[in-house]
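J.: Let me give you the structure first, and then I'll get to my questions.
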Amino acid sequence: MKREVLIKVKGIQSMEGRDDAEEPVELVIPGIYERDEEVSRLFYEERMDELDETPTMNVVEFTGQSLTVHKTGLVNVDMVFEPGKMNIAFYETPYGILDMGISTVGLYVKNEEDLIEIRADYSLSMNGEFVADCMIGITAEPRNSQGSGSEK
């Protein structure tokens with residue numbers, strides 16, 4: 001199964017020692033949803049800014065037990081989110097490579113015909129040092145859906 005969808009990605013980081021949460025990073029972009037017997041995938045391109053000539057291709061793979069975000073292009077990384085596990089990712093940027101630790105606290109996946117909702121809560125570390133408690137939320141709805149502008 002393959003279809004066009006509207007994807008909403010929201011990320012929040014809560015830094016240690018700060019009372020206020022960071023401003024959420026939000027992206028709303030068209031993409032493709034694909035599902036086979038074992039895994040579902042969302043595909044979308046992301047540009048860091050309007051002048052960015054090299055888009056980053058994102059592939060979000062998910063099951064009920066895990067979430068993997070593959071980024072290739074201006075930045076390259078494979079981030080794996082599995083509840084109760086620490087996974088290491090090497091985040092390649094034009095400025096160098098960062099060693100990221102991802103400790104997933106919780107993962108929620110709802111994969112229905114007209115709505116996909118994914119939420120991963122995790123702790124992020126860089127080079128072995130705790131950086132922030134984070135959340136990534138992803139929703140996808142068919143592009144021809146009447147309710148695609150509603151928030152849940």
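All residue names refer to the structure tokens as shown: chains lettered A, B, ... in order, residues numbered from 1 in each chain, ligands numbered from 1 in order.
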Quick one: which segment 34-78 of chain A residues come within 9 Å of segment 98-110 of chain A, and what is the nearest atom pair for each with the distance in Å to one decimal, counting only C-alpha atoms, rows ordered by chain and ascending number, as JSON lines?
T.:
{"residue": "A:Phe62", "atom": "CA", "partner": "A:Val109", "partner_atom": "CA", "distance": 7.9}
{"residue": "A:Thr63", "atom": "CA", "partner": "A:Val109", "partner_atom": "CA", "distance": 7.4}
{"residue": "A:Gly64", "atom": "CA", "partner": "A:Val109", "partner_atom": "CA", "distance": 5.8}
{"residue": "A:Gln65", "atom": "CA", "partner": "A:Leu107", "partner_atom": "CA", "distance": 7.5}
{"residue": "A:Ser66", "atom": "CA", "partner": "A:Leu107", "partner_atom": "CA", "distance": 7.4}
{"residue": "A:Leu67", "atom": "CA", "partner": "A:Leu107", "partner_atom": "CA", "distance": 8.0}
J.: I'd like the neighbourhood of segment 32-38 of chain A as a list in words, where a residue qualifies if any of its atoms comes within 6 Å (using only C-alpha atoms), though same-chain residues fewer than 2 positions away should be ignored.
T.: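 Returned residues: Met1, Lys2, Arg3, Glu4, Val5, Ser40, Arg41, Leu42 and Phe43 of chain A.
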J.: Restricting the output to all heavy atoms, write the selected residues as a CSV table (one decimal), in the first residue's frame.
T.:
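Saved file selection.csv follows:
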chain,number,residue,atom,x,y,z
A,1,MET,N,0.8,-1.2,0.0
A,1,MET,CA,0.0,0.0,0.0
A,1,MET,C,0.9,1.2,0.0
A,1,MET,O,1.9,1.3,0.7
A,1,MET,CB,-0.9,0.0,1.3
A,1,MET,CG,-1.6,1.3,1.4
A,1,MET,SD,-2.2,1.6,3.1
A,1,MET,CE,-3.6,0.6,3.2
A,2,LYS,N,0.5,2.2,-0.8
A,2,LYS,CA,1.3,3.4,-0.9
A,2,LYS,C,0.3,4.6,-1.2
A,2,LYS,O,-0.6,4.4,-2.0
A,2,LYS,CB,2.3,3.3,-2.1
A,2,LYS,CG,3.3,4.4,-2.2
A,2,LYS,CD,4.3,4.1,-3.3
A,2,LYS,CE,5.4,5.0,-3.3
A,2,LYS,NZ,6.4,4.7,-4.3
A,3,ARG,N,0.5,5.7,-0.5
A,3,ARG,CA,-0.4,6.9,-0.7
A,3,ARG,C,0.3,8.2,-0.3
A,3,ARG,O,1.2,8.2,0.5
A,3,ARG,CB,-1.7,6.7,0.0
A,3,ARG,CG,-1.7,6.7,1.5
A,3,ARG,CD,-3.1,6.7,2.1
A,3,ARG,NE,-3.0,6.7,3.5
A,3,ARG,CZ,-3.4,5.8,4.3
A,3,ARG,NH1,-4.0,4.7,3.8
A,3,ARG,NH2,-3.3,5.9,5.6
A,4,GLU,N,-0.3,9.3,-0.9
A,4,GLU,CA,0.2,10.6,-0.5
A,4,GLU,C,-0.4,11.0,0.8
A,4,GLU,O,-1.6,10.8,1.1
A,4,GLU,CB,-0.2,11.6,-1.6
A,4,GLU,CG,0.6,11.4,-2.9
A,4,GLU,CD,0.2,12.4,-3.9
A,4,GLU,OE1,-0.6,13.3,-3.7
A,4,GLU,OE2,0.8,12.3,-5.0
A,5,VAL,N,0.4,11.6,1.7
A,5,VAL,CA,-0.1,12.1,3.0
A,5,VAL,C,0.5,13.5,3.3
A,5,VAL,O,1.4,14.0,2.7
A,5,VAL,CB,0.4,11.1,4.1
A,5,VAL,CG1,-0.3,9.8,4.0
A,5,VAL,CG2,1.9,10.9,4.1
A,40,SER,N,5.9,0.0,8.5
A,40,SER,CA,5.3,1.1,7.8
A,40,SER,C,6.4,2.2,7.6
A,40,SER,O,7.3,2.3,8.5
A,40,SER,CB,4.1,1.7,8.6
A,40,SER,OG,3.1,0.7,8.6
A,41,ARG,N,6.3,3.0,6.6
A,41,ARG,CA,7.3,4.0,6.3
A,41,ARG,C,6.6,5.3,5.9
A,41,ARG,O,5.6,5.3,5.1
A,41,ARG,CB,8.2,3.6,5.2
A,41,ARG,CG,9.1,2.5,5.6
A,41,ARG,CD,10.0,2.0,4.4
A,41,ARG,NE,10.7,0.8,4.7
A,41,ARG,CZ,10.2,-0.4,4.6
A,41,ARG,NH1,9.0,-0.6,4.1
A,41,ARG,NH2,10.9,-1.5,4.9
A,42,LEU,N,7.2,6.5,6.3
A,42,LEU,CA,6.8,7.8,5.8
A,42,LEU,C,8.1,8.4,5.2
A,42,LEU,O,9.2,8.2,5.7
A,42,LEU,CB,6.4,8.7,7.0
A,42,LEU,CG,5.1,8.3,7.7
A,42,LEU,CD1,4.9,9.1,9.0
A,42,LEU,CD2,3.9,8.5,6.8
A,43,PHE,N,7.9,9.0,4.0
A,43,PHE,CA,9.0,9.6,3.3
A,43,PHE,C,8.7,11.1,3.1
A,43,PHE,O,7.6,11.4,2.6
A,43,PHE,CB,9.1,9.0,1.9
A,43,PHE,CG,9.4,7.5,1.8
A,43,PHE,CD1,8.4,6.6,1.9
A,43,PHE,CD2,10.7,7.0,1.7
A,43,PHE,CE1,8.6,5.2,1.9
A,43,PHE,CE2,10.9,5.6,1.7
A,43,PHE,CZ,9.9,4.7,1.8
J.: Could you jot down the atom CA of Thr56 of chain A to atom CA of Val75 of chain A separation for me, Å, one decimal place?
T.: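 Atom CA of Val75 of chain A lies 6.6 Å from atom CA of Thr56 of chain A.
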J.: Could you check how far atom CA of Gly137 of chain A sits from atom CA of Glu61 of chain A, in Å to one decimal?
T.: 13.6 Å
J.: Using DSSP on the backbone, list every residue of chain A that comes out as strand (DSSP E), and give them as a ChimeraX atom specification.
T.: /A:2-15,25-35,40-46,56-62,67-72,77-81,86-93,96-111,116-126,129-142
J.: What are the closest atom pairs, with distances in Å to one decimal, for each residue of segment 35-130 of chain A lying within 10 Å of segment 9-15 of chain A, using only C-alpha atoms, rows by chain and rising residue number, as CSV?
T.:
residue,atom,partner,partner_atom,distance
A:Ile118,CA,A:Val9,CA,9.5
A:Arg119,CA,A:Lys10,CA,9.4
A:Ala120,CA,A:Gly11,CA,9.7
A:Asp121,CA,A:Ile12,CA,9.5
A:Tyr122,CA,A:Gln13,CA,9.6
A:Ser123,CA,A:Gln13,CA,9.2
A:Leu124,CA,A:Gln13,CA,8.9
A:Phe130,CA,A:Met15,CA,9.3
J.: Can you tell me how far atom CA of Glu113 of chain A sits from atom CA of Glu46 of chain A, in Å to one decimal?
T.: 24.7 Å
J.: Which one is closest to Met79 of chain A: A:Asn58, A:Lys8, A:Val25, A:Ile116? Count only C-alpha atoms.
T.: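 Checking each of A:Asn58, A:Lys8, A:Val25, A:Ile116 against Met79 of chain A, counting only C-alpha atoms, the winner is A:Asn58.
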